[in-house]
Amino acid sequence: MSGKGAQDQGEGDGTMPENAYESLVRRTYQDFESGDLDLLGVVMAQEVVWHEPGRSSLAGHYKGPEEVLGFLRQLKAGSGGTFKIEVLDVLSEPERAVVLQRETATKNDKTLDVIAAVEFEIHHGKITEVTVYQHDTYAFDEFWVDNSNDEDSMDDIQSELETSAREAGLGSSP
């Protein structure tokens with residue numbers, strides 16, 4: 001794989017010039033950052049699959065442009081619009097590009113700051129598959145857990161325990 005400044009290759013064999021893969025991927029990041037997800041859908045093949053690792057509610061395999069775009073919308077919405085990606089480097093070769101990126105966001109007194117490698121497979125000018133490799137999957141997963149009601153839930157549990165104990169005659173001594 002080559003980084004910036006790669007030579008043009010692939011003319012006449014059905015592939016794009018090598019630097020076109022990097023350009024296509026950088027454009028997808030610009031579209032995501034600008035919030036123009038419909039434009040982002042234009043560069044996805046109908047059979048696109050996005051593989052998101054982990055155990056959070058966001059983890060899974062998203063198939064087709066609608067599911068992938070829905071996932072990307074969740075990143076923005078679930079972080080209150082604070083989810084940002086900083087492209088650190090793009091490595092590309094015919095039909096493949098890998099982006100090294102920093103992902104940041106804040107919500108509910110939580111901060112996300114992780115590094116990921118994102119592999120794009122590109123055929124006939126369209127993204128066909130995306131695989132995400134999180135450096136710290138646990139940190140990424142933990143950020144997306146909704147803990148906003150934990151304190152209320154603990155209060156509810158404590159109240160239920162006290163009520164049950166009183167009803168069973170186990171309350172405090174007179």
# chains A, B, ... in the order shown; residues from 1 in each chain; ligands from 1
>>> select_by_dssp(residues="segment 32-106 of chain A", states="helix (DSSP H, G or I)", output="list of chain:residue names")
A:Phe32, A:Glu33, A:Ser34, A:Leu37, A:Asp38, A:Leu39, A:Leu40, A:Gly41, A:Val42, A:Gly64, A:Pro65, A:Glu66, A:Glu67, A:Val68, A:Leu69, A:Gly70, A:Phe71, A:Leu72, A:Arg73, A:Gln74, A:Leu75, A:Lys76, A:Ala77, A:Gly78
>>> write_last_selection(atoms="N, CA and C atoms", output="mmCIF file, in the first residue's frame")
data_model
loop_
_atom_site.group_PDB
_atom_site.id
_atom_site.type_symbol
_atom_site.label_atom_id
_atom_site.label_comp_id
_atom_site.auth_asym_id
_atom_site.auth_seq_id
_atom_site.Cartn_x
_atom_site.Cartn_y
_atom_site.Cartn_z
ATOM 1 N N PHE A 32 -19.288 13.026 5.377
ATOM 2 C CA PHE A 32 -19.727 12.676 6.731
ATOM 3 C C PHE A 32 -19.599 13.894 7.647
ATOM 4 N N GLU A 33 -18.459 14.553 7.582
ATOM 5 C CA GLU A 33 -18.205 15.700 8.453
ATOM 6 C C GLU A 33 -19.183 16.843 8.172
ATOM 7 N N SER A 34 -19.521 17.029 6.908
ATOM 8 C CA SER A 34 -20.446 18.110 6.552
ATOM 9 C C SER A 34 -21.893 17.748 6.874
ATOM 10 N N LEU A 37 -25.087 13.071 4.396
ATOM 11 C CA LEU A 37 -25.039 11.621 4.313
ATOM 12 C C LEU A 37 -25.688 11.090 3.044
ATOM 13 N N ASP A 38 -26.623 11.828 2.466
ATOM 14 C CA ASP A 38 -27.220 11.383 1.207
ATOM 15 C C ASP A 38 -26.176 11.364 0.101
ATOM 16 N N LEU A 39 -25.306 12.377 0.069
ATOM 17 C CA LEU A 39 -24.221 12.410 -0.905
ATOM 18 C C LEU A 39 -23.260 11.252 -0.650
ATOM 19 N N LEU A 40 -23.055 10.936 0.609
ATOM 20 C CA LEU A 40 -22.199 9.805 0.971
ATOM 21 C C LEU A 40 -22.765 8.504 0.405
ATOM 22 N N GLY A 41 -24.076 8.367 0.387
ATOM 23 C CA GLY A 41 -24.708 7.168 -0.150
ATOM 24 C C GLY A 41 -24.424 6.939 -1.619
ATOM 25 N N VAL A 42 -24.108 7.995 -2.346
ATOM 26 C CA VAL A 42 -23.843 7.885 -3.785
ATOM 27 C C VAL A 42 -22.591 7.045 -4.060
ATOM 28 N N GLY A 64 -26.233 -2.788 2.913
ATOM 29 C CA GLY A 64 -26.921 -1.867 2.022
ATOM 30 C C GLY A 64 -26.737 -0.424 2.458
ATOM 31 N N PRO A 65 -26.850 0.501 1.515
ATOM 32 C CA PRO A 65 -26.640 1.920 1.834
ATOM 33 C C PRO A 65 -27.557 2.447 2.933
ATOM 34 N N GLU A 66 -28.811 2.043 2.956
ATOM 35 C CA GLU A 66 -29.745 2.559 3.968
ATOM 36 C C GLU A 66 -29.310 2.184 5.384
ATOM 37 N N GLU A 67 -28.919 0.917 5.588
ATOM 38 C CA GLU A 67 -28.466 0.496 6.923
ATOM 39 C C GLU A 67 -27.172 1.187 7.303
ATOM 40 N N VAL A 68 -26.242 1.299 6.352
ATOM 41 C CA VAL A 68 -24.959 1.963 6.641
ATOM 42 C C VAL A 68 -25.193 3.424 6.989
ATOM 43 N N LEU A 69 -26.016 4.104 6.210
ATOM 44 C CA LEU A 69 -26.298 5.512 6.492
ATOM 45 C C LEU A 69 -27.036 5.664 7.819
ATOM 46 N N GLY A 70 -27.908 4.707 8.144
ATOM 47 C CA GLY A 70 -28.592 4.728 9.440
ATOM 48 C C GLY A 70 -27.600 4.610 10.583
ATOM 49 N N PHE A 71 -26.620 3.736 10.431
ATOM 50 C CA PHE A 71 -25.566 3.587 11.438
ATOM 51 C C PHE A 71 -24.791 4.895 11.602
ATOM 52 N N LEU A 72 -24.404 5.507 10.488
ATOM 53 C CA LEU A 72 -23.639 6.755 10.551
ATOM 54 C C LEU A 72 -24.459 7.871 11.195
ATOM 55 N N ARG A 73 -25.768 7.874 10.935
ATOM 56 C CA ARG A 73 -26.644 8.864 11.588
ATOM 57 C C ARG A 73 -26.683 8.630 13.095
ATOM 58 N N GLN A 74 -26.654 7.348 13.508
ATOM 59 C CA GLN A 74 -26.645 7.023 14.945
ATOM 60 C C GLN A 74 -25.401 7.573 15.629
ATOM 61 N N LEU A 75 -24.258 7.530 14.943
ATOM 62 C CA LEU A 75 -23.032 8.080 15.531
ATOM 63 C C LEU A 75 -23.210 9.563 15.837
ATOM 64 N N LYS A 76 -23.804 10.271 14.910
ATOM 65 C CA LYS A 76 -24.026 11.710 15.110
ATOM 66 C C LYS A 76 -25.087 11.948 16.187
ATOM 67 N N ALA A 77 -26.242 11.283 16.047
ATOM 68 C CA ALA A 77 -27.366 11.518 16.968
ATOM 69 C C ALA A 77 -27.043 11.045 18.384
ATOM 70 N N GLY A 78 -26.422 9.873 18.509
ATOM 71 C CA GLY A 78 -26.132 9.307 19.821
ATOM 72 C C GLY A 78 -25.110 10.093 20.615
#
>>> residues_around(residues="Gly54 of chain A", least_positions_apart="3", cutoff="12 Å", atoms="only C-alpha atoms", output="PyMOL selection string")
chain A and resi 51+57-61+132-145
>>> closest_residue(among="A:Lys63, A:Lys84, A:Arg26, A:Arg96", to="Ala45 of chain A", atoms="only C-alpha atoms")
A:Lys63
>>> closest_residue(among="A:Phe120, A:Trp50, A:Tyr21, A:Tyr29", to="Pro94 of chain A", atoms="only C-alpha atoms")
A:Tyr21
>>> closest_residue(among="A:Leu24, A:Gln101, A:Ser56, A:Gly169", to="Met44 of chain A", atoms="only C-alpha atoms")
A:Leu24
>>> select_by_dssp(residues="segment 25-145 of chain A", states="strand (DSSP E)", output="PyMOL selection string")
chain A and resi 44-52+60-63+84-93+96-107+110-123+126-134
>>> closest_residue(among="A:Ile115, A:Val49, A:Val25, A:Ile122", to="Val90 of chain A", atoms="only C-alpha atoms")
A:Val25
>>> closest_residue(among="A:Ile85, A:Arg55, A:Glu95, A:Thr28", to="His124 of chain A", atoms="only C-alpha atoms")
A:Glu95
>>> atom_distance(atom1="atom CA of Glu22 of chain A", atom2="atom CA of Val43 of chain A")
13.0 Å
